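Student: File name work38.tsv; file contents TSV, C-alpha atoms; full text below.
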```tsv
chain	number	residue	atom	x	y	z
A	173	MET	CA	0.00	0.00	0.00
A	174	LEU	CA	2.84	2.38	0.79
A	175	LYS	CA	4.91	1.92	-2.35
A	176	TYR	CA	4.41	1.48	-6.05
A	177	SER	CA	4.79	-2.09	-7.17
A	178	LYS	CA	7.02	-3.23	-9.98
A	179	LEU	CA	3.97	-4.20	-12.01
A	180	ALA	CA	2.45	-0.74	-11.66
A	181	ALA	CA	5.67	0.95	-12.73
A	182	VAL	CA	5.97	-1.28	-15.80
A	183	ALA	CA	2.33	-0.58	-16.59
A	184	LEU	CA	3.02	3.14	-16.62
A	185	ILE	CA	5.91	2.60	-19.02
A	186	ALA	CA	3.61	0.62	-21.31
A	187	ILE	CA	0.99	3.35	-21.17
A	188	VAL	CA	3.57	5.94	-22.15
A	189	ALA	CA	4.76	3.76	-25.03
A	190	ALA	CA	1.25	3.14	-26.32
A	191	SER	CA	0.03	6.72	-26.31
A	192	THR	CA	1.06	10.26	-27.11
A	193	SER	CA	3.09	11.72	-24.26
A	194	VAL	CA	1.59	14.66	-22.40
A	195	ARG	CA	4.14	16.16	-20.00
A	196	ALA	CA	3.81	18.75	-17.31
A	197	GLN	CA	7.55	19.44	-17.38
A	198	ASP	CA	9.20	21.43	-20.14
A	199	ALA	CA	12.01	19.97	-22.25
A	200	ALA	CA	14.73	21.36	-20.01
A	201	ALA	CA	13.22	19.83	-16.88
A	202	ASP	CA	12.51	16.49	-18.56
A	203	PRO	CA	15.16	16.00	-21.25
A	204	VAL	CA	15.18	13.30	-23.91
A	205	ILE	CA	17.85	10.77	-22.96
A	206	ALA	CA	17.40	8.29	-25.83
A	207	LYS	CA	15.30	7.50	-28.88
A	208	VAL	CA	13.82	4.25	-30.13
A	209	GLY	CA	13.04	4.95	-33.75
A	210	ALA	CA	10.87	8.04	-33.63
A	211	LEU	CA	9.88	7.45	-30.01
A	212	GLU	CA	11.57	9.55	-27.35
A	213	ILE	CA	12.63	8.33	-23.91
A	214	HIS	CA	12.58	11.07	-21.28
A	215	GLU	CA	14.34	11.36	-17.93
A	216	SER	CA	10.98	11.08	-16.17
A	217	GLU	CA	10.40	7.67	-17.76
A	218	LEU	CA	13.83	6.54	-16.61
A	219	LYS	CA	12.94	7.50	-13.03
A	220	LEU	CA	9.74	5.46	-13.28
A	221	ALA	CA	11.66	2.49	-14.61
A	222	ILE	CA	14.27	2.76	-11.84
A	223	ALA	CA	11.47	2.71	-9.26
A	224	GLY	CA	10.15	-0.44	-10.90
A	225	LEU	CA	13.41	-2.37	-11.01
A	226	ASP	CA	13.58	-5.74	-9.28
A	227	PRO	CA	14.46	-5.29	-5.57
A	228	GLN	CA	17.55	-7.44	-6.16
A	229	LEU	CA	18.95	-4.56	-8.20
A	230	ALA	CA	18.35	-1.98	-5.48
A	231	ASN	CA	21.96	-2.11	-4.25
A	232	LEU	CA	23.53	-1.55	-7.65
A	233	PRO	CA	25.49	1.67	-8.18
A	234	ASP	CA	23.24	4.45	-9.49
A	235	GLU	CA	24.76	4.42	-12.97
A	236	GLN	CA	24.23	0.68	-13.33
A	237	LYS	CA	20.61	1.08	-12.19
A	238	ARG	CA	20.12	3.76	-14.83
A	239	VAL	CA	21.52	1.44	-17.50
A	240	ALA	CA	19.31	-1.44	-16.36
A	241	ALA	CA	16.25	0.82	-16.32
A	242	LEU	CA	17.04	2.25	-19.76
A	243	SER	CA	17.44	-1.26	-21.13
A	244	SER	CA	14.01	-2.22	-19.79
A	245	ILE	CA	12.40	0.89	-21.33
A	246	ILE	CA	13.95	0.18	-24.73
A	247	ASP	CA	12.71	-3.42	-24.62
A	248	VAL	CA	9.23	-2.25	-23.65
A	249	LYS	CA	9.04	0.42	-26.34
A	250	LEU	CA	10.26	-1.90	-29.07
A	251	LEU	CA	7.64	-4.57	-28.37
A	252	ALA	CA	4.95	-2.02	-27.52
A	253	ALA	CA	5.45	-0.49	-30.97
A	254	ASP	CA	5.04	-3.91	-32.59
A	255	ALA	CA	1.95	-4.58	-30.45
A	256	ASP	CA	0.52	-1.24	-31.57
A	257	LYS	CA	1.07	-2.22	-35.22
A	258	GLU	CA	-0.88	-5.42	-34.59
A	259	GLY	CA	-3.74	-3.44	-33.04
A	260	LEU	CA	-3.38	-5.09	-29.64
A	261	LYS	CA	-4.28	-1.88	-27.85
A	262	ASP	CA	-7.78	-2.29	-29.27
A	263	ASP	CA	-8.06	-5.82	-27.87
A	264	ALA	CA	-10.87	-6.08	-25.30
A	265	GLU	CA	-8.74	-7.95	-22.77
A	266	PHE	CA	-5.97	-5.36	-23.07
A	267	LYS	CA	-8.43	-2.51	-22.59
A	268	GLN	CA	-9.82	-4.21	-19.50
A	269	ARG	CA	-6.34	-4.70	-18.03
A	270	LEU	CA	-5.35	-1.13	-18.92
A	271	ALA	CA	-8.47	0.20	-17.20
A	272	PHE	CA	-7.67	-1.80	-14.07
A	273	LEU	CA	-4.05	-0.61	-14.00
A	274	THR	CA	-5.18	2.97	-14.57
A	275	ASP	CA	-7.60	2.72	-11.64
A	276	ARG	CA	-4.85	1.31	-9.47
A	277	GLU	CA	-2.45	4.10	-10.36
A	278	LEU	CA	-5.17	6.67	-9.68
A	279	HIS	CA	-5.68	5.00	-6.30
A	280	ASN	CA	-1.93	5.25	-5.64
A	281	ALA	CA	-1.81	8.90	-6.70
A	282	TYR	CA	-4.81	9.74	-4.50
A	283	PHE	CA	-3.26	7.82	-1.61
A	284	LYS	CA	-0.01	9.73	-1.99
A	285	LYS	CA	-1.76	13.10	-2.12
A	286	HIS	CA	-4.28	12.59	0.69
A	287	VAL	CA	-2.40	10.17	2.95
A	288	VAL	CA	1.38	10.08	2.49
A	289	ASP	CA	1.85	13.77	1.70
A	290	ALA	CA	-0.91	14.82	4.10
A	291	VAL	CA	0.76	13.49	7.24
A	292	THR	CA	2.28	16.33	9.25
A	293	PRO	CA	4.84	16.23	12.07
A	294	GLU	CA	2.02	17.40	14.35
A	295	ASP	CA	-0.07	14.37	13.34
A	296	VAL	CA	2.79	12.02	14.18
A	297	LYS	CA	3.53	13.71	17.50
A	298	ALA	CA	-0.14	13.63	18.54
A	299	ARG	CA	-0.44	9.92	17.70
A	300	TYR	CA	2.82	9.17	19.51
A	301	GLU	CA	1.53	10.91	22.65
A	302	LYS	CA	-1.75	8.99	22.39
A	303	GLU	CA	0.13	5.67	22.16
A	304	ILE	CA	2.44	6.59	25.02
A	305	SER	CA	-0.45	7.59	27.27
A	306	ALA	CA	-2.04	4.16	26.69
A	307	ILE	CA	1.03	2.31	27.95
A	308	THR	CA	1.06	1.11	31.54
A	309	PRO	CA	4.75	1.14	32.41
A	310	GLU	CA	6.08	-2.07	33.90
A	311	ASP	CA	8.57	-2.37	36.70
A	312	GLU	CA	12.07	-3.15	35.53
A	313	ILE	CA	15.40	-3.68	37.19
A	314	ARG	CA	19.04	-3.36	36.28
A	315	ALA	CA	20.96	-6.36	37.54
A	316	ARG	CA	24.40	-7.88	37.53
A	317	HIS	CA	25.18	-11.53	38.05
A	318	ILE	CA	28.07	-13.87	38.61
A	319	LEU	CA	27.54	-17.28	37.01
A	320	VAL	CA	29.48	-20.31	38.24
A	321	LYS	CA	29.18	-24.06	37.73
A	322	THR	CA	28.63	-25.31	41.29
A	323	GLU	CA	26.70	-24.29	44.38
A	324	ASP	CA	29.89	-24.32	46.45
A	325	GLU	CA	31.52	-21.85	44.08
A	326	ALA	CA	28.47	-19.58	44.36
A	327	LYS	CA	28.59	-19.77	48.16
A	328	ALA	CA	32.28	-18.82	48.06
A	329	VAL	CA	31.39	-15.76	45.94
A	330	ILE	CA	28.73	-14.73	48.45
A	331	ALA	CA	31.27	-15.08	51.26
A	332	GLU	CA	33.66	-12.76	49.39
A	333	LEU	CA	30.86	-10.21	48.95
A	334	ASP	CA	30.00	-10.46	52.64
A	335	ALA	CA	33.67	-9.71	53.36
A	336	GLY	CA	33.37	-6.48	51.38
A	337	LYS	CA	34.89	-7.45	48.03
A	338	ASP	CA	33.70	-5.66	44.90
A	339	PHE	CA	30.96	-7.44	42.90
A	340	ILE	CA	32.26	-6.23	39.53
A	341	GLU	CA	35.81	-7.39	40.19
A	342	ILE	CA	34.63	-10.83	41.33
A	343	ALA	CA	32.43	-11.12	38.22
A	344	LYS	CA	35.37	-10.29	35.95
A	345	ALA	CA	37.54	-12.85	37.70
A	346	LYS	CA	35.17	-15.75	38.32
A	347	SER	CA	31.97	-15.54	36.24
A	348	THR	CA	31.57	-17.97	33.33
A	349	ASP	CA	29.03	-15.76	31.57
A	350	PRO	CA	30.21	-14.03	28.35
A	351	ASN	CA	29.36	-10.64	29.89
A	352	LYS	CA	31.94	-11.07	32.65
A	353	SER	CA	34.07	-8.33	31.09
A	354	GLU	CA	31.20	-5.89	31.81
A	355	GLY	CA	31.13	-6.97	35.42
A	356	GLY	CA	28.11	-9.22	34.81
A	357	ASP	CA	25.92	-6.28	33.80
A	358	LEU	CA	22.59	-7.45	32.32
A	359	GLY	CA	21.18	-3.98	31.80
A	360	TYR	CA	17.54	-3.14	32.46
A	361	PHE	CA	14.87	-5.79	31.98
A	362	ALA	CA	11.22	-6.35	32.86
A	363	LYS	CA	9.50	-9.55	33.90
A	364	GLY	CA	9.34	-12.23	31.26
A	365	ARG	CA	12.82	-11.63	29.90
A	366	MET	CA	14.81	-14.04	32.09
A	367	VAL	CA	14.42	-17.69	33.10
A	368	PRO	CA	11.85	-18.00	35.93
A	369	GLU	CA	14.25	-18.96	38.73
A	370	PHE	CA	16.55	-16.03	37.99
A	371	GLU	CA	13.67	-13.57	37.53
A	372	THR	CA	11.92	-14.53	40.78
A	373	ALA	CA	15.09	-14.11	42.81
A	374	ALA	CA	16.12	-10.86	41.09
A	375	PHE	CA	12.79	-9.06	41.47
A	376	ALA	CA	12.62	-10.07	45.14
A	377	LEU	CA	15.84	-8.19	45.92
A	378	GLU	CA	15.99	-4.56	46.95
A	379	LYS	CA	18.09	-1.97	45.14
A	380	GLY	CA	21.74	-2.39	46.12
A	381	ALA	CA	21.24	-5.88	47.58
A	382	TYR	CA	22.75	-9.15	46.36
A	383	SER	CA	21.44	-12.69	46.73
A	384	LYS	CA	22.48	-14.35	49.98
A	385	VAL	CA	21.88	-17.86	48.64
A	386	PRO	CA	22.88	-19.26	45.24
A	387	VAL	CA	20.18	-19.12	42.55
A	388	LYS	CA	20.09	-22.27	40.45
A	389	SER	CA	19.01	-22.23	36.81
A	390	GLN	CA	19.61	-24.33	33.72
A	391	PHE	CA	22.82	-22.37	33.16
A	392	GLY	CA	24.40	-22.99	36.54
A	393	PHE	CA	24.43	-21.08	39.82
A	394	HIS	CA	23.96	-17.31	39.96
A	395	VAL	CA	24.79	-14.62	42.48
A	396	ILE	CA	22.66	-11.59	41.63
A	397	LYS	CA	23.00	-7.92	42.52
A	398	ILE	CA	20.35	-5.27	41.85
A	399	GLU	CA	21.83	-1.96	40.68
A	400	ASP	CA	18.58	-0.06	40.10
A	401	LYS	CA	14.79	-0.27	40.00
A	402	ARG	CA	12.53	1.92	37.88
A	403	LYS	CA	9.42	2.07	35.76
A	404	GLN	CA	9.95	0.97	32.19
A	405	GLN	CA	10.89	3.90	29.97
A	406	PRO	CA	8.95	4.44	26.72
A	407	PRO	CA	10.96	4.92	23.53
A	408	ALA	CA	11.59	8.45	22.31
A	409	LEU	CA	9.60	9.68	19.33
A	410	ASP	CA	12.60	9.58	16.99
A	411	GLN	CA	13.04	5.86	17.78
A	412	VAL	CA	9.52	4.92	16.66
A	413	GLU	CA	8.64	7.73	14.25
A	414	PRO	CA	8.35	5.42	11.17
A	415	GLN	CA	5.95	3.05	12.98
A	416	VAL	CA	3.84	5.92	14.32
A	417	ARG	CA	3.71	7.48	10.85
A	418	GLN	CA	2.44	4.15	9.51
A	419	LEU	CA	-0.38	4.24	12.06
A	420	VAL	CA	-1.34	7.79	11.09
A	421	MET	CA	-1.33	6.87	7.40
A	422	ARG	CA	-3.41	3.77	8.07
A	423	ASP	CA	-6.02	5.83	9.91
A	424	LYS	CA	-6.15	8.46	7.17
A	425	TYR	CA	-6.49	5.74	4.53
A	426	LEU	CA	-9.29	3.96	6.38
A	427	GLU	CA	-11.09	7.27	6.84
A	428	LEU	CA	-10.90	7.91	3.10
A	429	LEU	CA	-12.26	4.44	2.36
A	430	GLU	CA	-15.07	4.82	4.87
A	431	LYS	CA	-16.22	8.06	3.26
A	432	ALA	CA	-15.94	6.61	-0.24
A	433	LYS	CA	-17.92	3.50	0.69
A	434	ALA	CA	-20.62	5.60	2.33
A	435	ALA	CA	-20.97	7.61	-0.87
A	436	ALA	CA	-21.09	4.53	-3.12
A	437	PRO	CA	-22.81	1.54	-1.45
A	438	ILE	CA	-21.25	-1.78	-2.43
A	439	ASP	CA	-23.47	-4.54	-3.83
A	440	ILE	CA	-21.66	-7.86	-4.32
A	441	GLN	CA	-23.63	-10.13	-6.64
A	442	ASP	CA	-21.79	-13.40	-5.98
A	443	PRO	CA	-23.38	-14.85	-2.75
A	444	ALA	CA	-20.29	-16.75	-1.58
A	445	LEU	CA	-18.00	-13.81	-2.29
A	446	LYS	CA	-20.41	-11.45	-0.52
A	447	THR	CA	-20.45	-13.66	2.60
A	448	ALA	CA	-16.65	-13.81	2.70
A	449	TYR	CA	-16.29	-10.06	2.03
A	450	ASP	CA	-18.80	-9.16	4.75
A	451	ALA	CA	-17.07	-11.46	7.23
A	452	VAL	CA	-13.69	-9.83	6.60
A	453	ASN	CA	-15.10	-6.32	6.93
A	454	LYS	CA	-17.02	-7.25	10.08
A	455	ALA	CA	-13.81	-8.57	11.66
A	456	GLU	CA	-11.94	-5.40	10.71
A	457	ALA	CA	-14.69	-3.22	12.14
A	458	ALA	CA	-14.49	-5.19	15.39
A	459	GLY	CA	-10.76	-4.56	15.56
A	460	GLU	CA	-9.74	-8.16	14.92
A	461	GLY	CA	-6.53	-8.70	13.05
A	462	GLU	CA	-5.31	-5.19	13.81
A	463	PRO	CA	-1.56	-4.55	13.52
A	464	ALA	CA	0.55	-4.70	16.67
A	465	PRO	CA	0.84	-1.44	18.58
A	466	ALA	CA	3.38	0.93	17.07
A	467	ILE	CA	4.89	1.65	20.46
A	468	GLU	CA	5.88	-0.86	23.06
A	469	GLY	CA	7.77	-0.26	26.27
A	470	GLN	CA	11.49	0.25	25.92
A	471	GLN	CA	13.32	-3.03	26.47
```
Represent the structure contained in this file as structure tokens.
Tutor:
Amino acid sequence: MLKYSKLAAVALIAIVAASTSVRAQDAAADPVIAKVGALEIHESELKLAIAGLDPQLANLPDEQKRVAALSSIIDVKLLAADADKEGLKDDAEFKQRLAFLTDRELHNAYFKKHVVDAVTPEDVKARYEKEISAITPEDEIRARHILVKTEDEAKAVIAELDAGKDFIEIAKAKSTDPNKSEGGDLGYFAKGRMVPEFETAAFALEKGAYSKVPVKSQFGFHVIKIEDKRKQQPPALDQVEPQVRQLVMRDKYLELLEKAKAAAPIDIQDPALKTAYDAVNKAEAAGEGEPAPAIEGQQ
């Protein structure tokens, strides 16, 4: 919905090849870059063809993409000219397909004008604030741990802590966890992120405290220290701006469709198709199958 498909771009090229070009730009703004017989290829057509290139070609250098796009235009114009000579543009099936593609491109142009280009920074900010206000922040903690293989080793670590030794230095020296070089720092996490045994023990500790008994898990024996406790922080707007913009565009698009459907009631003649169509629209109206929220709590 948010981008032109390859098929649509190729269709536009075919339309240009099969009809007299009418251009809003003057010759200087839209220069002729090549000719196929008497037919001209303009820079604007090249841009359309580049947009319609296979995604696998997206990482090519710009000049190579231009060459690939020009090659596709030349191929299209050559065969389109032969098709025109055979009168294929007067074929009923072709006219039907052309009408469908034209409708789709009009849909895309209308969508771009009234949805994509209509979204303002204020719209995005307002939707972001609405999403944020709907979030109930979870409790989260910042913890460190020292992981060892045996319970006796864990007890020895606890004894060292009781004697006043530094948790970070012990972690660097004795922990078997890959994060030992960071002093066993696990960062902030909410419930549901760690194995149950570790999570239960960690969330039961107060800020600044460490576990007085070893905590056994599938990974070994842990000694845990809680560095901080806080409410989960929501992401900043710049972190989720693309997702929020998608939500705003979706709402604008659905509003356009709702108004259009109200102005032109839909009557589906095929009974089975009508039943299926009504079921889908009923589910959408009830909010089933909605996309996941654009904003989730910061992990």
Student: Looking at A:Ala326, A:Ala240, A:Ala206, A:Ala432, which one is nearest to Gly392 of chain A, with distances taken over only C-alpha atoms?
Tutor: A:Ala326
Student: To one decimal place in Å, what is the distance between atom CA of Arg402 of chain A and atom CA of Asp338 of chain A?
Tutor: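 Here the two named atoms are 23.6 Å from each other.
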Student: Check the smallest atom-to-atom distance from each of A:Phe393, A:Tyr449, A:Tyr382, A:Phe283 to Leu333 of chain A using all atoms listed in the file, then report the winner.
Tutor: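 The answer is A:Tyr382, which sits nearest to Leu333 of chain A.
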Student: Leaving out segment 422-429 of chain A and any residue of its chain fewer than 6 positions from it, which residues lie within 12 Å of it when counting all atoms listed in the file, given as a ChimeraX atom specification?
Tutor: /A:173-174,279-280,282-292,295-296,299,415-416,435-438,453,456-457,462-463,466
Student: For atom CA of Arg238 of chain A and atom CA of Ala223 of chain A, determine how far apart the two atoms are, in Å to one decimal place.
Tutor: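 Interatomic distance here is 10.3 Å.
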Student: Rank A:Met421, A:Ile246, A:Ala281, A:Leu377 by their smallest atom-to-atom distance to Lys397 of chain A, using only C-alpha atoms, and report the top residue only.
Tutor: A:Leu377
Student: Kindly indicate which residue among A:Ala253, A:Pro414, A:Val420, A:Gly356 lies nearest to Arg314 of chain A, using only C-alpha atoms for the distances.
Tutor: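 Comparing A:Ala253, A:Pro414, A:Val420, A:Gly356 against Arg314 of chain A, the winner is A:Gly356.
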Student: Provide the atom CA of Lys403 of chain A to atom CA of Glu341 of chain A distance in Å, to one decimal place.
Tutor: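 Separation of atom CA of Lys403 of chain A and atom CA of Glu341 of chain A: 28.4 Å.
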